[in-house]
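input.pdb, holding PDB, C-alpha atoms:
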ATOM      1  CA  MET F   1     -21.081 -30.445  14.100
ATOM      2  CA  GLU F   2     -20.606 -26.709  13.593
ATOM      3  CA  THR F   3     -21.244 -24.757  16.776
ATOM      4  CA  ALA F   4     -23.259 -21.548  16.992
ATOM      5  CA  ILE F   5     -20.087 -19.586  17.751
ATOM      6  CA  GLN F   6     -18.398 -20.993  14.630
ATOM      7  CA  LYS F   7     -21.439 -20.071  12.549
ATOM      8  CA  ILE F   8     -21.307 -16.542  13.910
ATOM      9  CA  GLN F   9     -17.616 -16.248  13.079
ATOM     10  CA  VAL F  10     -18.168 -17.471   9.526
ATOM     11  CA  SER F  11     -20.850 -14.837   8.997
ATOM     12  CA  ILE F  12     -18.549 -12.120  10.335
ATOM     13  CA  ASN F  13     -15.651 -13.215   8.113
ATOM     14  CA  HIS F  14     -17.892 -13.165   5.058
ATOM     15  CA  ARG F  15     -19.094  -9.696   5.891
ATOM     16  CA  GLN F  16     -15.704  -8.014   6.384
ATOM     17  CA  LEU F  17     -12.977  -7.091   3.894
ATOM     18  CA  PRO F  18      -9.314  -7.276   4.893
ATOM     19  CA  SER F  19      -8.003  -4.041   6.390
ATOM     20  CA  PRO F  20      -4.564  -2.919   5.141
ATOM     21  CA  SER F  21      -1.913  -2.183   7.754
ATOM     22  CA  PRO F  22      -0.686   1.433   7.874
ATOM     23  CA  LEU F  23       2.868   0.112   7.938
ATOM     24  CA  LYS F  24       2.350  -1.662   4.612
ATOM     25  CA  THR F  25       0.465   0.779   2.434
ATOM     26  CA  SER F  26       0.258   4.246   0.945
ATOM     27  CA  THR F  27      -2.564   5.818  -1.062
ATOM     28  CA  SER F  28      -0.266   8.082  -3.076
ATOM     29  CA  THR F  29       0.511   7.600  -6.762
ATOM     30  CA  LEU F  30       4.230   6.819  -6.899
ATOM     31  CA  ARG F  31       6.922   6.875  -9.586
ATOM     32  CA  GLY F  32       9.484   4.137  -9.863
ATOM     33  CA  ASP F  33      12.286   6.484  -8.813
ATOM     34  CA  GLN F  34      10.446   7.139  -5.544
ATOM     35  CA  LEU F  35      10.770   3.486  -4.549
ATOM     36  CA  SER F  36      13.736   1.627  -3.160
ATOM     37  CA  ARG F  37      15.050  -1.389  -5.040
ATOM     38  CA  GLU F  38      13.317  -3.724  -2.582
ATOM     39  CA  GLN F  39      10.027  -1.888  -3.035
ATOM     40  CA  ARG F  40      10.276  -2.008  -6.850
ATOM     41  CA  ASN F  41      11.018  -5.723  -6.615
ATOM     42  CA  ALA F  42       7.895  -6.212  -4.465
ATOM     43  CA  VAL F  43       5.705  -4.317  -6.961
ATOM     44  CA  ASN F  44       7.133  -6.236  -9.927
ATOM     45  CA  LEU F  45       6.724  -9.581  -8.151
ATOM     46  CA  PHE F  46       3.118  -8.767  -7.272
ATOM     47  CA  TYR F  47       2.219  -7.953 -10.874
ATOM     48  CA  ALA F  48       4.188 -10.915 -12.218
ATOM     49  CA  ARG F  49       2.302 -13.306  -9.956
ATOM     50  CA  ILE F  50      -1.170 -12.013 -10.836
ATOM     51  CA  LYS F  51      -0.171 -12.004 -14.528
ATOM     52  CA  THR F  52       0.625 -15.709 -14.182
ATOM     53  CA  VAL F  53      -2.639 -16.413 -12.376
ATOM     54  CA  TYR F  54      -4.910 -14.557 -14.828
ATOM     55  CA  GLY F  55      -3.070 -15.193 -18.104
ATOM     56  CA  SER F  56      -5.075 -13.780 -21.014
ATOM     57  CA  LYS F  57      -7.424 -11.930 -18.664
ATOM     58  CA  PHE F  58      -4.431  -9.920 -17.453
ATOM     59  CA  LYS F  59      -3.606  -8.962 -21.050
ATOM     60  CA  VAL F  60      -7.193  -7.852 -21.629
ATOM     61  CA  THR F  61      -7.095  -5.698 -18.496
ATOM     62  CA  PHE F  62      -3.647  -4.295 -19.272
ATOM     63  CA  PRO F  63      -3.324  -4.494 -23.081
ATOM     64  CA  SER F  64       0.010  -2.648 -23.231
ATOM     65  CA  ALA F  65       3.170  -2.294 -21.171
ATOM     66  CA  GLU F  66       2.220   1.336 -20.624
ATOM     67  CA  ASP F  67      -1.133   0.327 -19.113
ATOM     68  CA  GLU F  68       0.656  -2.008 -16.717
ATOM     69  CA  GLN F  69       3.156   0.699 -15.736
ATOM     70  CA  LEU F  70       0.353   3.177 -15.075
ATOM     71  CA  SER F  71      -1.347   0.639 -12.836
ATOM     72  CA  LYS F  72       1.916   0.009 -10.976
ATOM     73  CA  ALA F  73       2.338   3.753 -10.350
ATOM     74  CA  GLU F  74      -1.250   4.042  -9.132
ATOM     75  CA  TRP F  75      -1.197   1.055  -6.786
ATOM     76  CA  ALA F  76       2.480   0.706  -5.842
ATOM     77  CA  GLY F  77       1.790   2.168  -2.432
ATOM     78  CA  GLN F  78      -0.482  -0.766  -1.610
ATOM     79  CA  VAL F  79       2.119  -3.445  -2.300
ATOM     80  CA  MET F  80       5.579  -1.857  -2.134
ATOM     81  CA  ASN F  81       6.300  -2.997   1.438
ATOM     82  CA  LEU F  82       4.915  -6.510   1.139
ATOM     83  CA  SER F  83       7.339  -9.367   1.584
ATOM     84  CA  GLN F  84       7.568 -12.259  -0.854
ATOM     85  CA  GLU F  85       5.823 -14.399   1.759
ATOM     86  CA  ASP F  86       2.984 -11.853   1.994
ATOM     87  CA  ILE F  87       2.523 -11.862  -1.772
ATOM     88  CA  GLU F  88       2.628 -15.648  -2.118
ATOM     89  CA  ARG F  89       0.144 -16.067   0.736
ATOM     90  CA  GLY F  90      -2.153 -13.518  -0.897
ATOM     91  CA  VAL F  91      -1.903 -15.255  -4.268
ATOM     92  CA  GLU F  92      -2.936 -18.534  -2.648
ATOM     93  CA  LYS F  93      -5.991 -16.787  -1.189
ATOM     94  CA  LEU F  94      -6.693 -15.297  -4.621
ATOM     95  CA  LYS F  95      -6.573 -18.684  -6.340
ATOM     96  CA  ALA F  96      -8.941 -20.121  -3.751
ATOM     97  CA  LYS F  97     -11.436 -17.323  -4.417
ATOM     98  CA  ILE F  98     -11.200 -17.868  -8.186
ATOM     99  CA  VAL F  99     -11.852 -21.586  -7.729
ATOM    100  CA  GLU F 100     -14.837 -20.764  -5.492
ATOM    101  CA  GLY F 101     -16.219 -18.596  -8.308
ATOM    102  CA  HIS F 102     -16.074 -15.383  -6.289
ATOM    103  CA  LYS F 103     -17.310 -12.728  -8.729
ATOM    104  CA  ASP F 104     -14.983  -9.984  -7.443
ATOM    105  CA  TYR F 105     -11.885 -11.970  -8.365
ATOM    106  CA  GLN F 106     -12.700 -13.412 -11.783
ATOM    107  CA  TRP F 107     -10.754 -10.538 -13.389
ATOM    108  CA  PRO F 108      -7.640  -8.731 -12.118
ATOM    109  CA  ASN F 109      -8.710  -6.257  -9.451
ATOM    110  CA  VAL F 110      -5.462  -4.848  -8.096
ATOM    111  CA  PRO F 111      -6.691  -3.171  -4.874
ATOM    112  CA  LEU F 112      -8.712  -6.222  -3.811
ATOM    113  CA  ILE F 113      -5.822  -8.567  -4.560
ATOM    114  CA  ALA F 114      -3.413  -6.259  -2.713
ATOM    115  CA  ALA F 115      -5.746  -6.395   0.299
ATOM    116  CA  LEU F 116      -5.566 -10.208   0.235
ATOM    117  CA  CYS F 117      -1.788  -9.909   0.537
ATOM    118  CA  GLN F 118      -1.934  -7.735   3.644
ATOM    119  CA  PRO F 119      -0.992  -9.868   6.674
ATOM    120  CA  GLN F 120      -3.950 -10.747   8.892
ATOM    121  CA  PRO F 121      -3.900 -12.261  12.404
ATOM    122  CA  GLU F 122      -5.339 -15.553  11.172
ATOM    123  CA  ASP F 123      -2.393 -15.921   8.760
ATOM    124  CA  TYR F 124      -0.222 -16.406  11.835
ATOM    125  CA  GLY F 125      -2.568 -18.805  13.591
ATOM    126  CA  LEU F 126      -3.796 -16.092  15.962
ATOM    127  CA  PRO F 127      -7.420 -16.497  17.081
ATOM    128  CA  LEU F 128      -9.642 -13.443  17.406
ATOM    129  CA  GLN F 129      -9.591 -11.668  20.760
ATOM    130  CA  GLU F 130     -13.001 -12.974  21.817
ATOM    131  CA  GLN F 131     -12.030 -16.543  20.967
ATOM    132  CA  ALA F 132      -8.715 -16.134  22.796
ATOM    133  CA  TRP F 133     -10.492 -14.749  25.856
ATOM    134  CA  HIS F 134     -12.918 -17.683  25.988
ATOM    135  CA  GLU F 135      -9.933 -20.024  25.680
ATOM    136  CA  VAL F 136      -8.104 -18.547  28.679
ATOM    137  CA  GLN F 137     -11.313 -18.411  30.745
ATOM    138  CA  GLY F 138     -12.079 -22.041  30.003
ATOM    139  CA  ASN F 139      -8.551 -23.308  30.685
ATOM    140  CA  SER F 140      -7.175 -21.096  33.443
ATOM    141  CA  TYR F 141      -7.319 -24.097  35.801
ATOM    142  CA  GLN F 142      -5.284 -26.355  33.467
ATOM    143  CA  VAL F 143      -2.680 -24.051  31.988
ATOM    144  CA  ASP F 144       0.002 -26.689  31.596
ATOM    145  CA  ARG F 145      -2.316 -29.448  30.344
ATOM    146  CA  HIS F 146      -4.225 -27.450  27.736
ATOM    147  CA  GLN F 147      -3.038 -27.433  24.123
ATOM    148  CA  TRP F 148      -3.120 -23.699  23.398
ATOM    149  CA  SER F 149      -4.227 -22.426  20.007
ATOM    150  CA  HIS F 150      -1.244 -20.066  19.966
ATOM    151  CA  PRO F 151       1.549 -19.229  22.437
ATOM    152  CA  ALA F 152       0.408 -15.581  22.402
ATOM    153  CA  VAL F 153      -2.915 -16.632  23.971
ATOM    154  CA  ARG F 154      -1.210 -18.390  26.855
ATOM    155  CA  GLU F 155       1.270 -15.567  27.366
ATOM    156  CA  ALA F 156      -1.514 -12.955  27.394
ATOM    157  CA  GLY F 157      -3.386 -15.039  29.971
ATOM    158  CA  LYS F 158      -0.263 -15.304  32.091
ATOM    159  CA  ARG F 159       0.261 -11.532  31.989
ATOM    160  CA  THR F 160      -3.362 -10.937  32.916
ATOM    161  CA  GLY F 161      -3.113 -13.356  35.850
ATOM    162  CA  TRP F 162      -4.272 -16.962  35.851
ATOM    163  CA  PHE F 163      -5.531 -16.912  39.436
ATOM    164  CA  ASP F 164      -7.494 -13.702  38.850
ATOM    165  CA  ILE F 165      -9.118 -15.133  35.721
ATOM    166  CA  MET F 166      -9.939 -18.464  37.349
ATOM    167  CA  SER F 167     -11.359 -17.046  40.588
ATOM    168  CA  CYS F 168     -13.258 -14.061  39.191
ATOM    169  CA  VAL F 169     -17.021 -14.172  39.804
ATOM    170  CA  ASP F 170     -17.841 -10.469  39.575
ATOM    171  CA  ASP F 171     -18.977  -9.124  36.178
ATOM    172  CA  ARG F 172     -17.305  -5.748  36.643
ATOM    173  CA  ARG F 173     -14.011  -7.345  37.613
ATOM    174  CA  ARG F 174     -14.328  -9.765  34.688
ATOM    175  CA  ARG F 175     -14.725  -6.851  32.265
ATOM    176  CA  THR F 176     -11.603  -5.242  33.715
ATOM    177  CA  LEU F 177      -9.671  -8.478  33.317
ATOM    178  CA  LYS F 178     -10.858  -8.824  29.736
ATOM    179  CA  GLU F 179      -9.680  -5.282  28.949
ATOM    180  CA  GLN F 180      -6.283  -6.149  30.398
ATOM    181  CA  PHE F 181      -6.174  -9.388  28.438
ATOM    182  CA  ASP F 182      -7.153  -7.651  25.181
ATOM    183  CA  ARG F 183      -4.374  -5.119  25.663
ATOM    184  CA  HIS F 184      -1.759  -7.809  26.308
ATOM    185  CA  TYR F 185      -3.015 -10.023  23.507
ATOM    186  CA  GLY F 186      -3.102  -7.155  21.003
ATOM    187  CA  TYR F 187       0.474  -6.227  21.879
ATOM    188  CA  LEU F 188       1.741  -9.811  21.678
ATOM    189  CA  SER F 189      -0.145 -10.405  18.410
ATOM    190  CA  ARG F 190       1.575  -7.399  16.842
ATOM    191  CA  ARG F 191       4.932  -8.837  17.862
ATOM    192  CA  VAL F 192       4.059 -12.131  16.194
ATOM    193  CA  MET F 193       2.959 -10.393  12.981
ATOM    194  CA  ASN F 194       6.120  -8.283  12.967
ATOM    195  CA  GLY F 195       8.269 -11.407  13.221
ATOM    196  CA  GLU F 196       9.362 -10.630  16.778
ATOM    197  CA  SER F 197       9.805 -13.233  19.474
ATOM    198  CA  LEU F 198       7.409 -13.568  22.395
ATOM    199  CA  THR F 199      10.285 -14.710  24.576
ATOM    200  CA  GLY F 200      11.502 -11.808  26.645
ATOM    201  CA  ALA F 201       8.841  -9.435  25.298
ATOM    202  CA  PRO F 202       8.759  -6.347  27.566
ATOM    203  CA  LEU F 203       5.831  -5.967  29.916
ATOM    204  CA  LEU F 204       3.353  -3.264  28.977
ATOM    205  CA  LEU F 205       3.270  -0.130  31.075
ATOM    206  CA  GLU F 206      -0.022   1.458  32.053
ATOM    207  CA  SER F 207       0.822   4.399  29.773
ATOM    208  CA  ASP F 208       1.012   2.028  26.799
ATOM    209  CA  GLN F 209      -2.767   1.717  26.723
ATOM    210  CA  ASP F 210      -2.975   5.377  25.679
ATOM    211  CA  GLN F 211      -0.870   4.833  22.559
ATOM    212  CA  LYS F 212      -2.609   4.942  19.185
ATOM    213  CA  LYS F 213      -3.774   1.506  18.113
ATOM    214  CA  SER F 214      -2.698   0.032  14.781
ATOM    215  CA  LEU F 215      -5.259  -0.909  12.146
ATOM    216  CA  THR F 216      -4.448  -4.562  12.807
ATOM    217  CA  GLU F 217      -5.434  -4.163  16.465
ATOM    218  CA  GLN F 218      -8.493  -2.127  15.484
ATOM    219  CA  LEU F 219      -9.521  -4.904  13.080
ATOM    220  CA  MET F 220      -9.203  -7.533  15.790
ATOM    221  CA  GLU F 221     -11.265  -5.406  18.189
ATOM    222  CA  GLN F 222     -13.927  -4.744  15.542
ATOM    223  CA  GLN F 223     -14.211  -8.465  14.861
ATOM    224  CA  ALA F 224     -14.440  -9.190  18.585
ATOM    225  CA  LYS F 225     -17.148  -6.546  19.008
ATOM    226  CA  ALA F 226     -19.098  -7.942  16.066
ATOM    227  CA  LEU F 227     -18.915 -11.402  17.634
ATOM    228  CA  GLU F 228     -20.127 -10.017  20.963
ATOM    229  CA  ASP F 229     -23.045  -8.263  19.243
ATOM    230  CA  GLN F 230     -24.014 -11.496  17.497
ATOM    231  CA  MET F 231     -23.824 -13.387  20.788
ATOM    232  CA  ARG F 232     -26.080 -10.819  22.492
ATOM    233  CA  SER F 233     -28.598 -11.114  19.653
ATOM    234  CA  MET F 234     -28.762 -14.864  20.409
ATOM    235  CA  GLY F 235     -29.310 -14.228  24.109
ATOM    236  CA  ILE F 236     -25.758 -15.133  25.128
ATOM    237  CA  ASN F 237     -24.067 -12.855  27.653
ATOM    238  CA  PRO F 238     -20.466 -12.306  26.374
ATOM    239  CA  ALA F 239     -19.360 -11.265  29.862
ATOM    240  CA  GLY F 240     -20.934 -14.288  31.502
ATOM    241  CA  GLY F 241     -17.763 -16.289  31.586
ATOM    242  CA  ARG F 242     -17.217 -19.957  30.875
ATOM    243  CA  ALA F 243     -20.240 -21.154  32.874
ATOM    244  CA  GLU F 244     -22.664 -18.961  30.921
ATOM    245  CA  PHE F 245     -21.040 -19.955  27.644
ATOM    246  CA  LEU F 246     -21.242 -23.706  28.333
ATOM    247  CA  LYS F 247     -24.777 -23.409  29.659
ATOM    248  CA  ARG F 248     -25.948 -21.765  26.432
ATOM    249  CA  MET F 249     -23.965 -24.092  24.171
ATOM    250  CA  LYS F 250     -25.514 -27.258  25.644
ATOM    251  CA  GLY F 251     -28.594 -26.686  23.545
ATOM    252  CA  VAL F 252     -26.825 -26.175  20.231
ATOM    253  CA  LEU F 253     -23.817 -28.533  20.221
TER     254      LEU F 253
END

I'd like the structure from this file rewritten - as structure tokens, please.
Amino acid sequence: METAIQKIQVSINHRQLPSPSPLKTSTSTLRGDQLSREQRNAVNLFYARIKTVYGSKFKVTFPSAEDEQLSKAEWAGQVMNLSQEDIERGVEKLKAKIVEGHKDYQWPNVPLIAALCQPQPEDYGLPLQEQAWHEVQGNSYQVDRHQWSHPAVREAGKRTGWFDIMSCVDDRRRRTLKEQFDRHYGYLSRRVMNGESLTGAPLLLESDQDQKKSLTEQLMEQQAKALEDQMRSMGINPAGGRAEFLKRMKGVL
């Protein structure tokens, strides 16, 4: 049976559009000679894949080679740094939306399709921050027995302090711990999305929290905040810890 928290998350996902990463995109119109060979290959692969998906609809949208080239120049910045894996993953999402009958994807819409290709935390099996925080709160007493949703969740809990999480009963202290966890989890999630190993990842310094956050981290925080707002509207205290969460869920599971 779908839980209330799952229902909330579904509503949030339906309400939000993917947010491009600043490391992946540019809003400038670009000429082919401004791109590296790898970037041109990424642009050409992107257009080749959506041409295959849409067939005749692609030809209607771009009736001539010149029309296609103009579109590539206009939107190259949105796809030039995508990997082949990014593009293929985005195309799979696109096909799913077409099958679902999503009206925004029945015809080639380059910026929306490019947004589907932008890597998102869920593409790497990373739960949202709020979900990850509930997981570490609920399993801080059985770290080695619990099957963690992602190694980054466990590692962020470890860096925050298992004993502190498990023994905390003060709301103010719990909020501080959650802020620490969010910072560690955001950092570790970025490493995962950048293809970097969690093993041997440097510990964050206190000064690191003052660094500018990436759009990926901002997206995760926005989603977590939206989930918290939804929980408050249902009378659930997001800072209430595992006991408050389980108490509320007894009536809806």

For Ser167 in chain F, which residue out of F:Gln69, F:Trp148, F:Gln137, F:Val53 is the nearest one, using only C-alpha atoms?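 Selected residue with least distance to Ser167 in chain F: F:Gln137.
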
List the spatial neighbours of Arg40 in chain F as a PyMOL selection string - criterion: any atom at most 12 Å away, only C-alpha atoms, same-chain residues fewer than 5 positions off excluded. chain F and resi 30-35+45-47+69+72-73+75-77+79-83

Would you please work out which residue, of F:Asn41, F:Thr176, F:Ser189, F:Asn194, is nearest to Pro151 in chain F when using all atoms listed in the file? F:Ser189

What does the structure give for the distance between CA of Asn109 in chain F and CA of Glu88 in chain F, in Å to one decimal? 16.4 Å

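Using only C-alpha atoms, the smallest distance between any of F:Leu188, F:Ile165, F:Val43, F:Ile113 and Gly200 in chain F comes from F:Leu188.
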
With the file shown as input, list the residues that the PyMOL selection byres ((chain F and resi 117) around 10) selects, as a ChimeraX atom specification. /F:18,20,46,78-79,82-94,111-116,118-120

Top pick for closest residue to Glu179 in chain F, considering F:Leu198, F:His146, F:Asp164, F:Trp133 and counting all atoms listed in the file: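 Closest to Glu179 in chain F, using all atoms listed in the file: F:Trp133.
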
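A straight line drawn from CA of Thr61 in chain F to CA of Pro108 in chain F is 7.1 Å long.
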
Measure the distance from CA of Gly138 in chain F to CA of Tyr187 in chain F in Å and round it to one decimal. 21.8 Å

With the file shown as input, list the residues that the PyMOL selection byres ((chain F and resi 150) around 8) selects, as a PyMOL selection string. chain F and resi 125-127+148-149+151-154

Can you spell out as a list of chain:residue names the set of residues that the PyMOL selection byres ((chain F and resi 156) around 9) selects in the structure I just provided?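 Checking the PyMOL selection byres ((chain F and resi 156) around 9) against this file, the residues are F:Val136, F:Pro151, F:Ala152, F:Val153, F:Arg154, F:Glu155, F:Gly157, F:Lys158, F:Arg159, F:Thr160, F:Gly161, F:Gln180, F:Phe181, F:Asp182, F:Arg183, F:His184, F:Tyr185, F:Gly186, F:Tyr187, F:Leu188.
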